[in-house]
file final-v2.cif (mmCIF, C-alpha atoms and all ligand atoms)
data_my_file
#
loop_
_atom_site.label_atom_id
_atom_site.label_comp_id
_atom_site.auth_asym_id
_atom_site.auth_seq_id
_atom_site.Cartn_x
_atom_site.Cartn_y
_atom_site.Cartn_z
CA MET A 963 14.06 11.62 -47.86
CA ALA A 964 12.15 13.32 -50.63
CA LEU A 965 11.76 17.04 -50.04
CA THR A 966 8.15 18.06 -50.67
CA GLY A 967 5.87 20.69 -49.16
CA ILE A 968 8.08 23.34 -47.58
CA THR A 969 11.57 22.71 -48.93
CA ARG A 970 13.63 25.28 -47.03
CA PRO A 971 13.91 28.48 -45.03
CA ALA A 972 14.28 31.04 -47.80
CA HIS A 973 14.69 34.56 -46.50
CA ALA A 974 14.20 37.01 -43.68
CA GLN A 975 13.26 40.67 -44.05
CA ILE A 976 14.64 42.63 -41.12
CA ARG A 977 14.56 46.25 -39.98
CA VAL A 978 17.75 48.25 -39.61
CA LEU A 979 18.32 51.66 -38.04
CA ASP A 980 21.08 52.80 -40.42
CA MET A 981 21.17 51.31 -43.91
CA ASP A 982 24.80 52.20 -44.69
CA LYS A 983 26.06 50.53 -41.53
CA ALA A 984 23.82 47.51 -42.13
CA VAL A 985 25.01 47.11 -45.73
CA HIS A 986 28.63 47.27 -44.55
CA HIS A 987 27.91 44.68 -41.88
CA TYR A 988 26.06 42.15 -44.04
CA GLY A 989 27.96 42.82 -47.27
CA THR A 990 31.55 43.32 -46.13
CA ILE A 991 31.89 41.79 -42.66
CA LEU A 992 29.47 38.86 -42.95
CA GLY A 993 30.45 38.70 -46.63
CA LEU A 994 27.05 38.19 -48.22
CA ILE A 995 26.68 39.27 -51.85
CA GLU A 996 24.44 42.28 -52.56
CA THR A 997 22.02 41.23 -55.30
CA GLY A 998 19.60 44.12 -55.60
CA ARG A 999 17.90 47.26 -54.33
CA ASP A 1000 14.24 48.06 -54.89
CA ALA A 1001 12.20 51.24 -55.28
CA GLU A 1002 11.45 51.26 -51.55
CA GLY A 1003 15.18 51.31 -50.78
CA ARG A 1004 15.31 47.75 -49.49
CA VAL A 1005 18.65 46.00 -50.01
CA TYR A 1006 18.88 42.29 -50.92
CA PHE A 1007 21.66 39.80 -50.19
CA LYS A 1008 22.50 36.16 -50.85
CA ALA A 1009 25.19 33.85 -49.52
CA TRP A 1010 27.85 32.70 -51.97
CA ASP A 1011 26.64 29.10 -52.30
CA GLU A 1012 22.92 29.89 -52.52
CA ARG A 1013 21.05 29.85 -55.80
CA ASP A 1014 18.03 31.95 -54.87
CA LEU A 1015 18.30 35.66 -55.64
CA PHE A 1016 18.33 36.56 -51.94
CA CYS A 1017 18.15 35.21 -48.39
CA LEU A 1018 18.11 38.57 -46.60
CA VAL A 1019 16.23 41.81 -47.16
CA LEU A 1020 17.15 44.92 -45.17
CA ARG A 1021 14.55 47.63 -44.62
CA GLN A 1022 15.42 50.99 -43.09
CA ALA A 1023 13.16 51.74 -40.11
CA ASP A 1024 13.23 53.45 -36.73
CA THR A 1025 13.06 50.14 -34.86
CA ALA A 1026 15.03 46.89 -35.19
CA GLY A 1027 13.54 43.39 -35.51
CA ILE A 1028 12.01 41.11 -38.10
CA ASP A 1029 9.26 42.00 -40.63
CA HIS A 1030 8.74 38.47 -41.90
CA PHE A 1031 10.42 35.09 -42.37
CA ALA A 1032 9.76 33.08 -45.54
CA PHE A 1033 9.87 29.46 -46.66
CA ARG A 1034 10.14 28.20 -50.22
CA VAL A 1035 7.62 25.49 -51.13
CA LEU A 1036 8.03 22.92 -53.88
CA ASP A 1037 5.75 24.42 -56.54
CA VAL A 1038 2.68 26.56 -57.17
CA ALA A 1039 0.25 23.68 -56.59
CA THR A 1040 1.85 23.13 -53.18
CA LEU A 1041 1.50 26.83 -52.38
CA ASP A 1042 -2.21 26.77 -53.28
CA GLN A 1043 -2.70 23.67 -51.14
CA PHE A 1044 -1.01 25.31 -48.13
CA GLU A 1045 -3.33 28.29 -48.52
CA ILE A 1046 -6.35 25.96 -48.40
CA ASP A 1047 -4.94 23.99 -45.47
CA LEU A 1048 -4.13 27.11 -43.46
CA GLU A 1049 -7.65 28.49 -43.97
CA LYS A 1050 -9.18 25.15 -43.04
CA PHE A 1051 -7.14 25.24 -39.83
CA GLY A 1052 -8.60 28.68 -39.09
CA VAL A 1053 -5.51 30.72 -39.90
CA PRO A 1054 -6.29 33.85 -41.94
CA VAL A 1055 -4.08 34.18 -45.02
CA GLN A 1056 -3.26 37.02 -47.34
CA ARG A 1057 -1.80 36.93 -50.86
CA ILE A 1058 1.18 39.23 -51.43
CA PRO A 1059 1.47 40.00 -55.15
CA ALA A 1060 4.31 38.69 -57.29
CA GLY A 1061 7.10 41.24 -57.61
CA GLU A 1062 6.51 42.88 -54.22
CA LEU A 1063 9.96 41.48 -53.47
CA LEU A 1064 12.47 41.44 -56.35
CA GLY A 1065 12.31 38.30 -58.51
CA THR A 1066 9.78 36.64 -56.23
CA GLY A 1067 6.38 35.16 -57.09
CA GLU A 1068 3.16 35.41 -55.10
CA ARG A 1069 3.47 34.83 -51.38
CA VAL A 1070 0.92 33.38 -49.00
CA ARG A 1071 1.20 35.28 -45.74
CA PHE A 1072 -0.06 34.35 -42.27
CA THR A 1073 0.67 35.33 -38.69
CA ALA A 1074 1.69 32.49 -36.35
CA PRO A 1075 0.36 32.26 -32.76
CA THR A 1076 3.71 33.63 -31.49
CA GLY A 1077 2.96 36.83 -33.44
CA HIS A 1078 5.46 36.32 -36.25
CA VAL A 1079 4.61 36.99 -39.88
CA PHE A 1080 5.48 34.11 -42.21
CA ASP A 1081 5.39 33.99 -46.00
CA LEU A 1082 5.29 30.90 -48.20
CA PHE A 1083 6.18 31.18 -51.87
CA ALA A 1084 6.92 28.83 -54.77
CA GLU A 1085 8.89 31.00 -57.15
CA LYS A 1086 12.00 33.11 -56.79
CA GLU A 1087 14.63 33.78 -59.46
CA HIS A 1088 17.88 31.92 -59.28
CA LEU A 1089 21.09 33.88 -59.61
CA VAL A 1090 23.90 31.49 -60.46
CA ASP A 1091 27.05 32.03 -62.45
CA PRO A 1092 26.81 29.45 -65.30
CA GLU A 1093 30.39 28.44 -64.45
CA ARG A 1094 29.04 27.08 -61.17
CA LEU A 1095 26.90 24.58 -63.08
CA LEU A 1096 29.55 22.99 -65.31
CA ASN A 1097 32.65 21.33 -63.88
CA PRO A 1098 32.57 23.82 -60.99
CA SER A 1099 35.38 24.52 -58.54
CA PRO A 1100 34.49 23.54 -54.97
CA TRP A 1101 34.53 27.16 -53.85
CA THR A 1102 35.08 30.64 -55.24
CA ASN A 1103 36.75 33.90 -54.20
CA GLU A 1104 33.42 34.93 -52.65
CA ALA A 1105 33.75 31.94 -50.29
CA GLU A 1106 36.73 33.66 -48.65
CA ARG A 1107 35.45 37.24 -48.58
CA GLY A 1108 34.41 38.24 -45.06
CA ILE A 1109 32.83 35.58 -42.88
CA ALA A 1110 31.25 34.07 -46.02
CA PRO A 1111 28.57 31.63 -44.81
CA VAL A 1112 27.34 29.10 -47.36
CA ARG A 1113 23.67 29.85 -46.72
CA MET A 1114 21.07 31.27 -44.37
CA ASP A 1115 20.17 28.26 -42.23
CA HIS A 1116 17.39 28.96 -39.70
CA ALA A 1117 15.99 31.51 -37.28
CA LEU A 1118 15.08 31.49 -33.59
CA LEU A 1119 12.02 33.60 -32.85
CA TYR A 1120 10.58 34.51 -29.43
CA GLY A 1121 6.91 34.85 -28.55
CA PRO A 1122 4.30 33.65 -26.07
CA ASP A 1123 2.25 30.83 -27.63
CA LEU A 1124 4.68 27.98 -28.39
CA GLU A 1125 1.89 25.38 -28.21
CA GLY A 1126 -0.04 27.18 -30.95
CA ASN A 1127 3.04 27.28 -33.16
CA LEU A 1128 3.78 23.60 -32.55
CA GLU A 1129 0.25 22.69 -33.69
CA LEU A 1130 0.39 24.89 -36.76
CA PHE A 1131 3.88 23.92 -37.86
CA THR A 1132 3.48 20.18 -37.31
CA LYS A 1133 -0.16 19.69 -38.31
CA VAL A 1134 -0.42 22.07 -41.25
CA LEU A 1135 3.04 22.95 -42.50
CA GLY A 1136 4.69 19.52 -42.31
CA PHE A 1137 7.40 20.28 -39.77
CA ARG A 1138 8.46 17.88 -37.03
CA LEU A 1139 9.98 18.44 -33.62
CA SER A 1140 13.66 17.51 -33.41
CA GLU A 1141 14.56 18.86 -29.95
CA ALA A 1142 12.82 20.79 -27.18
CA ALA A 1143 13.65 22.12 -23.72
CA TYR A 1144 10.94 21.88 -21.06
CA LEU A 1145 10.15 23.89 -17.94
CA GLU A 1146 9.98 22.29 -14.47
CA ASP A 1147 6.59 20.66 -15.08
CA GLY A 1148 8.18 18.59 -17.86
CA THR A 1149 5.41 19.46 -20.34
CA THR A 1150 5.60 23.22 -20.94
CA MET A 1151 8.12 23.97 -23.65
CA ALA A 1152 10.73 26.68 -23.10
CA VAL A 1153 12.38 26.39 -26.52
CA MET A 1154 11.52 24.14 -29.48
CA PHE A 1155 13.39 23.23 -32.64
CA LEU A 1156 11.48 22.25 -35.77
CA SER A 1157 12.62 20.70 -39.02
CA CYS A 1158 11.05 20.60 -42.49
CA SER A 1159 14.01 18.70 -43.94
CA ASN A 1160 16.60 16.48 -42.37
CA LYS A 1161 18.42 19.41 -40.85
CA CYS A 1162 18.11 19.53 -37.09
CA HIS A 1163 16.30 22.86 -37.26
CA ASP A 1164 14.81 25.02 -39.96
CA ILE A 1165 12.94 27.21 -37.48
CA ALA A 1166 12.97 27.46 -33.69
CA PHE A 1167 10.81 29.24 -31.12
CA GLY A 1168 11.43 30.37 -27.54
CA ARG A 1169 8.80 31.26 -24.92
CA PHE A 1170 8.76 35.00 -24.26
CA PRO A 1171 6.12 37.40 -22.93
CA GLU A 1172 6.18 39.71 -25.96
CA PRO A 1173 5.05 38.48 -29.41
CA GLY A 1174 6.88 38.76 -32.71
CA LYS A 1175 10.43 39.02 -31.42
CA LEU A 1176 13.64 38.13 -33.24
CA HIS A 1177 16.24 36.17 -31.28
CA HIS A 1178 18.58 35.38 -34.16
CA ILE A 1179 18.99 34.57 -37.80
CA SER A 1180 21.58 31.87 -38.39
CA TYR A 1181 24.11 31.53 -41.19
CA ARG A 1182 25.72 28.22 -42.02
CA ILE A 1183 29.53 28.00 -41.87
CA GLU A 1184 31.37 24.97 -43.22
CA SER A 1185 33.58 24.06 -40.27
CA TRP A 1186 34.42 24.84 -36.66
CA GLU A 1187 37.71 26.37 -37.84
CA LYS A 1188 35.72 28.74 -39.99
CA VAL A 1189 33.50 29.62 -37.03
CA LEU A 1190 36.71 30.60 -35.20
CA ARG A 1191 37.74 32.59 -38.27
CA ALA A 1192 34.33 34.30 -38.14
CA GLY A 1193 35.09 35.23 -34.51
CA ASP A 1194 38.41 36.75 -35.55
CA ILE A 1195 36.69 38.78 -38.26
CA MET A 1196 34.13 40.01 -35.72
CA GLY A 1197 36.98 41.07 -33.42
CA MET A 1198 38.78 42.87 -36.24
CA ASN A 1199 35.61 44.79 -37.02
CA HIS A 1200 34.41 45.48 -33.44
CA VAL A 1201 31.27 43.40 -33.95
CA PRO A 1202 29.75 42.86 -30.47
CA ILE A 1203 29.73 39.14 -29.69
CA ASP A 1204 27.06 37.76 -27.38
CA ILE A 1205 28.12 34.12 -26.84
CA GLY A 1206 30.95 31.98 -28.18
CA PRO A 1207 32.72 30.68 -30.06
CA THR A 1208 31.31 27.62 -28.30
CA ARG A 1209 29.02 24.66 -28.88
CA HIS A 1210 25.30 24.31 -28.21
CA GLY A 1211 24.24 21.10 -26.46
CA ILE A 1212 20.87 21.48 -28.18
CA THR A 1213 21.37 20.66 -31.90
CA ARG A 1214 25.15 20.23 -31.23
CA GLY A 1215 25.86 23.28 -33.38
CA CYS A 1216 29.20 25.09 -33.03
CA THR A 1217 28.29 28.71 -32.74
CA ILE A 1218 28.87 32.39 -32.26
CA TYR A 1219 25.96 34.69 -31.41
CA ALA A 1220 26.66 38.34 -32.25
CA TRP A 1221 24.77 41.53 -33.06
CA ASP A 1222 24.43 43.57 -36.23
CA PRO A 1223 24.71 47.41 -36.03
CA SER A 1224 20.97 47.68 -35.25
CA GLY A 1225 21.04 45.11 -32.46
CA ASN A 1226 19.55 42.23 -34.47
CA ARG A 1227 21.30 39.07 -33.34
CA PHE A 1228 22.83 36.77 -35.95
CA GLU A 1229 24.56 33.42 -35.59
CA THR A 1230 27.46 31.85 -37.44
CA PHE A 1231 27.03 28.13 -37.02
CA SER A 1232 28.52 24.81 -38.13
CA GLY A 1233 28.11 21.15 -37.24
CA SER A 1234 24.83 19.75 -35.88
CA TYR A 1235 23.43 16.44 -37.14
CA ASP A 1236 20.82 15.09 -39.53
CA PRO A 1237 17.70 13.60 -37.95
CA TYR A 1238 15.25 11.46 -39.97
CA PRO A 1239 11.44 11.68 -39.79
CA ASP A 1240 11.09 8.54 -37.67
CA TRP A 1241 13.48 9.82 -34.97
CA GLN A 1242 12.11 10.54 -31.52
CA PRO A 1243 12.68 14.17 -30.44
CA ILE A 1244 15.47 14.90 -27.94
CA ARG A 1245 14.37 16.41 -24.60
CA TRP A 1246 16.25 18.92 -22.45
CA THR A 1247 15.27 19.80 -18.90
CA ILE A 1248 15.29 23.33 -17.50
CA ASP A 1249 17.96 22.22 -15.02
CA ASP A 1250 20.31 21.39 -17.86
CA LEU A 1251 19.38 24.21 -20.21
CA GLY A 1252 22.72 25.84 -19.42
CA ARG A 1253 24.53 23.02 -21.17
CA GLY A 1254 21.81 23.00 -23.83
CA LEU A 1255 22.72 26.58 -24.68
CA ASP A 1256 26.48 26.50 -24.04
CA TYR A 1257 27.76 22.99 -23.51
CA PRO A 1258 31.37 23.68 -22.42
CA GLN A 1259 30.56 26.73 -20.28
CA GLN A 1260 27.47 25.05 -18.80
CA LYS A 1261 25.49 28.19 -18.17
CA LEU A 1262 22.36 29.97 -19.22
CA HIS A 1263 23.57 33.36 -20.39
CA GLU A 1264 21.39 36.24 -19.21
CA THR A 1265 21.30 37.75 -22.70
CA PHE A 1266 19.84 34.55 -24.16
CA LEU A 1267 16.77 35.13 -22.01
CA THR A 1268 16.38 38.89 -22.25
CA VAL A 1269 17.92 40.41 -25.39
CA VAL A 1270 15.75 40.38 -28.51
CA THR A 1271 14.64 42.87 -31.16
CA MET B 1467 50.00 61.75 -29.98
CA ALA B 1468 46.47 62.76 -29.09
CA VAL B 1469 45.39 61.58 -25.67
CA THR B 1470 41.92 60.10 -25.46
CA GLN B 1471 39.77 62.03 -23.01
CA ARG B 1472 38.17 59.87 -20.33
CA HIS B 1473 35.16 60.82 -18.27
CA ARG B 1474 33.83 59.41 -15.02
CA ILE B 1475 30.50 57.62 -15.26
CA SER B 1476 28.69 57.12 -11.97
CA ILE B 1477 25.45 55.31 -11.34
CA VAL B 1478 23.42 57.28 -8.80
CA GLY B 1479 22.33 55.48 -5.67
CA THR B 1480 25.13 52.92 -6.04
CA ASP B 1481 28.89 53.02 -5.55
CA ILE B 1482 29.47 52.02 -9.19
CA GLU B 1483 31.87 54.30 -11.07
CA PHE B 1484 34.04 53.73 -14.09
CA PRO B 1485 36.06 55.83 -16.53
CA CYS B 1486 34.83 55.92 -20.14
CA PRO B 1487 36.81 57.22 -23.13
CA GLU B 1488 35.03 59.90 -25.21
CA THR B 1489 35.30 57.61 -28.22
CA MET B 1490 33.32 54.78 -26.62
CA SER B 1491 29.71 54.30 -25.69
CA VAL B 1492 29.01 54.34 -21.96
CA LEU B 1493 27.88 50.71 -22.16
CA HIS B 1494 30.95 49.54 -24.07
CA GLY B 1495 33.20 51.51 -21.71
CA MET B 1496 31.67 49.60 -18.79
CA ALA B 1497 31.70 46.20 -20.53
CA GLN B 1498 35.26 46.34 -21.81
CA LEU B 1499 36.47 46.91 -18.24
CA GLY B 1500 34.52 43.84 -17.15
CA ARG B 1501 32.31 46.06 -14.98
CA LYS B 1502 28.59 45.63 -14.28
CA GLY B 1503 25.76 47.97 -13.42
CA ILE B 1504 23.93 48.63 -16.68
CA PRO B 1505 22.30 45.57 -18.29
CA LEU B 1506 24.36 44.53 -21.29
CA GLY B 1507 22.55 43.66 -24.50
CA CYS B 1508 23.03 44.19 -28.21
CA ARG B 1509 25.29 47.25 -27.76
CA SER B 1510 23.76 48.59 -30.96
CA GLY B 1511 20.61 50.51 -29.98
CA GLY B 1512 18.09 47.81 -30.88
CA CYS B 1513 17.11 45.80 -27.81
CA GLY B 1514 16.54 48.49 -25.18
CA VAL B 1515 17.87 46.66 -22.09
CA CYS B 1516 20.54 49.30 -21.45
CA LYS B 1517 18.11 52.22 -21.06
CA ILE B 1518 19.30 54.88 -18.64
CA GLU B 1519 18.43 58.39 -17.59
CA VAL B 1520 21.28 60.87 -17.70
CA VAL B 1521 20.91 62.92 -14.53
CA SER B 1522 23.79 65.25 -15.26
CA GLY B 1523 26.54 65.77 -17.83
CA GLU B 1524 27.03 66.22 -21.56
CA TYR B 1525 27.01 63.47 -24.16
CA GLU B 1526 26.69 62.67 -27.86
CA ARG B 1527 24.07 60.27 -29.15
CA ALA B 1528 23.73 57.79 -32.00
CA LYS B 1529 20.56 56.32 -33.53
CA MET B 1530 18.32 54.44 -31.08
CA SER B 1531 15.31 52.21 -31.66
CA ARG B 1532 12.03 54.13 -31.28
CA ALA B 1533 10.57 50.96 -29.79
CA HIS B 1534 12.60 51.80 -26.69
CA VAL B 1535 13.32 55.54 -26.78
CA SER B 1536 10.49 57.92 -27.71
CA VAL B 1537 11.00 61.50 -28.87
CA GLU B 1538 9.88 62.59 -25.41
CA ASP B 1539 12.37 60.19 -23.77
CA GLU B 1540 15.19 61.67 -25.82
CA ALA B 1541 14.18 65.21 -24.90
CA GLU B 1542 14.27 64.22 -21.23
CA ASP B 1543 17.66 62.44 -21.41
CA ARG B 1544 16.26 58.92 -21.22
CA VAL B 1545 18.54 57.19 -23.69
CA LEU B 1546 20.33 53.92 -24.43
CA ALA B 1547 23.73 53.59 -22.75
CA CYS B 1548 25.10 51.81 -25.83
CA CYS B 1549 24.25 54.82 -28.00
CA ILE B 1550 25.79 57.70 -26.04
CA ARG B 1551 29.39 58.82 -25.74
CA PRO B 1552 30.40 61.01 -22.80
CA LYS B 1553 31.55 64.62 -23.34
CA SER B 1554 31.86 65.25 -19.60
CA ALA B 1555 31.46 63.30 -16.38
CA LEU B 1556 28.01 61.71 -16.33
CA GLU B 1557 25.66 60.74 -13.54
CA ILE B 1558 23.18 58.15 -14.74
CA ARG B 1559 20.29 56.08 -13.45
CA VAL B 1560 19.39 52.62 -14.81
CA ILE B 1561 15.74 52.53 -15.99
CA GLY B 1562 15.67 49.61 -18.47
CA GLN B 1563 12.49 47.53 -18.56
CA ILE B 1564 13.54 43.95 -19.20
CA ASN B 1565 11.27 41.24 -20.51
CA ARG B 1566 12.53 37.77 -19.87
CA ALA B 1567 11.99 34.30 -21.29
CA PHE B 1568 10.23 31.89 -18.86
CA PRO B 1569 10.77 34.21 -15.86
CA GLU B 1570 9.52 31.74 -13.21
CA GLN B 1571 12.56 29.54 -13.82
CA THR B 1572 15.27 32.06 -14.47
CA LYS B 1573 14.53 35.17 -12.45
CA THR B 1574 17.14 36.05 -9.85
CA LYS B 1575 17.15 39.01 -7.49
CA ASP B 1576 20.33 40.39 -8.97
CA ASP B 1577 20.61 40.23 -12.74
CA GLY B 1578 23.82 42.23 -12.74
CA ALA B 1579 21.93 45.50 -13.03
CA ALA B 1580 22.22 48.35 -10.60
CA ILE B 1581 19.09 48.56 -8.48
CA PRO B 1582 17.76 52.05 -9.05
CA PRO B 1583 17.14 54.03 -5.85
CA ALA B 1584 13.52 54.13 -4.76
S1 LIG A 1601 22.34 47.11 -25.33
FE1 LIG A 1601 20.72 46.81 -26.76
S2 LIG A 1601 19.94 48.84 -26.93
FE2 LIG A 1601 21.71 49.12 -25.72
FE FE A 1602 20.63 29.02 -34.07
#

call {"tool": "encode", "arguments": {"input": "final-v2.cif", "output": "structure tokens"}}
result
Amino acid sequence: MALTGITRPAHAQIRVLDMDKAVHHYGTILGLIETGRDAEGRVYFKAWDERDLFCLVLRQADTAGIDHFAFRVLDVATLDQFEIDLEKFGVPVQRIPAGELLGTGERVRFTAPTGHVFDLFAEKEHLVDPERLLNPSPWTNEAERGIAPVRMDHALLYGPDLEGNLELFTKVLGFRLSEAAYLEDGTTMAVMFLSCSNKCHDIAFGRFPEPGKLHHISYRIESWEKVLRAGDIMGMNHVPIDIGPTRHGITRGCTIYAWDPSGNRFETFSGSYDPYPDWQPIRWTIDDLGRGLDYPQQKLHETFLTVVT
Amino acid sequence: MAVTQRHRISIVGTDIEFPCPETMSVLHGMAQLGRKGIPLGCRSGGCGVCKIEVVSGEYERAKMSRAHVSVEDEAEDRVLACCIRPKSALEIRVIGQINRAFPEQTKTKDDGAAIPPA
């Protein structure tokens, strides 16, 4: 499949209560690489196998949660077209100037019906060791430092208007539904998983009374064994684990949900499968959502439903 | 060898009591014993589900999200159980306001939280 339009989830900017603790968590325990700090004091990180300058921006604040989530689009012409399409669809957009985030071009910003702020952009500096582009080794020392995910993979966000987001993401932004869980009526979605690639999910949304909430940001791990290793590292460092290590029924991902020192949930995740654009979405019923969330344990954990930032 | 001081945490209006080391948050002290009573969330001061009122006793506090604990709350001992460590025996009351995904399908009478006295 040719990747056009939105090519990938690119970064999240999140709020942290204590920057030093957050930097230790994301830099040393999760093992991301710190790639910059800006005049506002924000700290930038990338995963070892990513090429973009950053996938995570930390901002010191007195609340936790997510400021915005961003997608990288193919090129500047695509970005301009998305701006036109969003406005035509009745979604107000705003241009964020180039350089507002380090090494990043202009962003087109909009707020989704679930209350989340999204940015689209076409340009962000690459930061790659030239050795990685000529006869490279399959992995590096950084791939073993801390949990060391290969990339930021997706996010699950909670808010009220899932139908509005489904319309916007499928009709304007080129996403498609890969899986969804439905309430008792069989038509109202409880959780939905959307893809802009042939990953099972690039973004997901859950129905929640409050808008703009962060459920988790997910980091891709290469194997189930390495998810277990991530669990050991969390134990060694007293990182509070929410769920796992286990496997989701939905998306089939092997997973751990845990919390950063500000209470923002993150996921270390491997596995899943690769759906194609012609595939029919998979349905889950509310009665089997327990296995959808935690297949072996077969239960809907209370914290999945109630704990967000 | 220094002995870790433990303090008794009791939830008023219930028969829930547990000992909590001075070095641990009240919420973690409860959770690591496998006990229930205070809703268990992020354990890091961000989500607000563990909000309690300290009715009596001394404690130390860490940073808490202002989305859940206002300056006034803090002054009146309404705090997050995951962000306080006991310095003496504590009597507490659970006051967390919990929002829940698709409540019609998942709400139960007892979510593992202590029902605060009327
Ligand atoms: S458990 Fe999340 S704030 Fe205490
Ligand atoms: Fe996930």

call {"tool": "closest_atom_pairs", "arguments": {"input": "final-v2.cif", "of": "chain A", "to": "chain B", "cutoff": "9 Å", "atoms": "all atoms listed in the file", "output": "tab-separated table"}}
result
residue	atom	partner	partner_atom	distance
A:Val978	CA	B:Gly1512	CA	8.7
A:Leu979	CA	B:Lys1529	CA	6.9
A:Asp980	CA	B:Lys1529	CA	7.8
A:Ala1023	CA	B:Ser1531	CA	8.7
A:Asp1024	CA	B:Ser1531	CA	5.6
A:Thr1025	CA	B:Ser1531	CA	4.4
A:Ala1026	CA	B:Gly1512	CA	5.4
A:Gly1027	CA	B:Gly1512	CA	7.9
A:Tyr1120	CA	B:Ala1567	CA	8.3
A:Gly1121	CA	B:Ala1567	CA	8.9
A:Leu1145	CA	B:Gln1571	CA	7.4
A:Glu1146	CA	B:Gln1571	CA	7.7
A:Ala1152	CA	B:Phe1568	CA	6.7
A:Gly1168	CA	B:Ala1567	CA	7.4
A:Arg1169	CA	B:Ala1567	CA	5.7
A:Phe1170	CA	B:Ala1567	CA	4.4
A:Pro1171	CA	B:Ala1567	CA	6.8
A:Glu1172	CA	B:Asn1565	CA	7.6
A:Pro1202	CA	B:Arg1509	CA	6.8
A:Ile1203	CA	B:Cys1508	CA	8.5
A:Asp1204	CA	B:Cys1508	CA	7.6
A:Ala1220	CA	B:Cys1508	CA	8.0
A:Trp1221	CA	B:Cys1508	CA	5.8
A:Asp1222	CA	B:Ser1510	CA	7.3
A:Pro1223	CA	B:Ser1510	CA	5.3
A:Ser1224	CA	B:Ser1510	CA	5.2
A:Gly1225	CA	B:Gly1512	CA	4.3
A:Asn1226	CA	B:Gly1512	CA	6.8
A:Arg1227	CA	B:Cys1508	CA	7.5
A:Ile1248	CA	B:Gln1571	CA	7.7
A:Leu1262	CA	B:Thr1572	CA	8.8
A:Glu1264	CA	B:Asp1577	CA	7.6
A:Thr1265	CA	B:Gly1507	CA	6.3
A:Phe1266	CA	B:Ala1567	CA	8.4
A:Leu1267	CA	B:Ala1567	CA	4.9
A:Thr1268	CA	B:Arg1566	CA	4.7
A:Val1269	CA	B:Gly1507	CA	5.7
A:Val1270	CA	B:Cys1513	CA	5.6
A:Thr1271	CA	B:Cys1513	CA	5.1

call {"tool": "residues_around", "arguments": {"input": "final-v2.cif", "residues": "A:His987", "least_positions_apart": "4", "cutoff": "10 Å", "atoms": "all atoms listed in the file", "output": "list in words"}}
result
Met981, Asp982, Lys983, Ile991, Leu992, Gly993, Leu994, Gly1108, Met1196, Asn1199, Val1201, Trp1221, Asp1222 and Pro1223 of chain A

call {"tool": "residues_around", "arguments": {"input": "final-v2.cif", "residues": "stretch 1555-1563 of chain B", "least_positions_apart": "6", "cutoff": "9 Å", "atoms": "all atoms listed in the file", "output": "PyMOL selection string"}}
result
chain B and resi 1472-1479+1485-1486+1503-1505+1514-1525+1544+1546+1579-1583

call {"tool": "atom_distance", "arguments": {"input": "final-v2.cif", "atom1": "atom CA of A:Tyr1238", "atom2": "atom CA of A:Phe1155"}}
result
14.0 Å

call {"tool": "residues_near_ligand", "arguments": {"input": "final-v2.cif", "ligand": "ligand FE 1602 (chain A)", "cutoff": "8 Å", "atoms": "all atoms listed in the file", "output": "JSON list (two decimals) with C-alpha atoms, in the coordinates of the input"}}
result
[["chain", "number", "residue", "atom", "x", "y", "z"],
["A", 1116, "HIS", "CA", 17.39, 28.96, -39.70],
["A", 1117, "ALA", "CA", 15.99, 31.51, -37.28],
["A", 1118, "LEU", "CA", 15.08, 31.49, -33.59],
["A", 1166, "ALA", "CA", 12.97, 27.46, -33.69],
["A", 1178, "HIS", "CA", 18.58, 35.38, -34.16],
["A", 1179, "ILE", "CA", 18.99, 34.57, -37.80],
["A", 1180, "SER", "CA", 21.58, 31.87, -38.39],
["A", 1215, "GLY", "CA", 25.86, 23.28, -33.38],
["A", 1217, "THR", "CA", 28.29, 28.71, -32.74],
["A", 1229, "GLU", "CA", 24.56, 33.42, -35.59],
["A", 1231, "PHE", "CA", 27.03, 28.13, -37.02]]

call {"tool": "closest_residue", "arguments": {"input": "final-v2.cif", "among": "B:Ser1491, B:Lys1502, B:Lys1553, B:Asp1543", "to": "ligand LIG 1601 (chain A)", "atoms": "only C-alpha atoms and all ligand atoms"}}
result
B:Ser1491

call {"tool": "atom_distance", "arguments": {"input": "final-v2.cif", "atom1": "atom CA of A:Pro1243", "atom2": "atom CA of A:Leu1124"}}
result
16.1 Å

call {"tool": "closest_residue", "arguments": {"input": "final-v2.cif", "among": "A:Ala1009, A:Ile1195, A:Leu1095, A:Ala1110", "to": "A:Glu996", "atoms": "all atoms listed in the file"}}
result
A:Ala1009

call {"tool": "axis_aligned_box", "arguments": {"input": "final-v2.cif", "around": "ligand LIG 1601 (chain A)", "padding_each_side": "3 Å", "output": "lines of an AutoDock Vina configuration file"}}
result
center_x = 21.1
center_y = 48.0
center_z = -26.1
size_x = 8.4
size_y = 8.3
size_z = 7.6

call {"tool": "atom_distance", "arguments": {"input": "final-v2.cif", "atom1": "atom CA of A:Glu1012", "atom2": "atom CA of A:Pro1100"}}
result
13.4 Å

call {"tool": "residues_around", "arguments": {"input": "final-v2.cif", "residues": "A:His1088", "least_positions_apart": "5", "cutoff": "12 Å", "atoms": "all atoms listed in the file", "output": "ChimeraX atom specification"}}
result
/A:997,1008,1011-1017,1064-1066
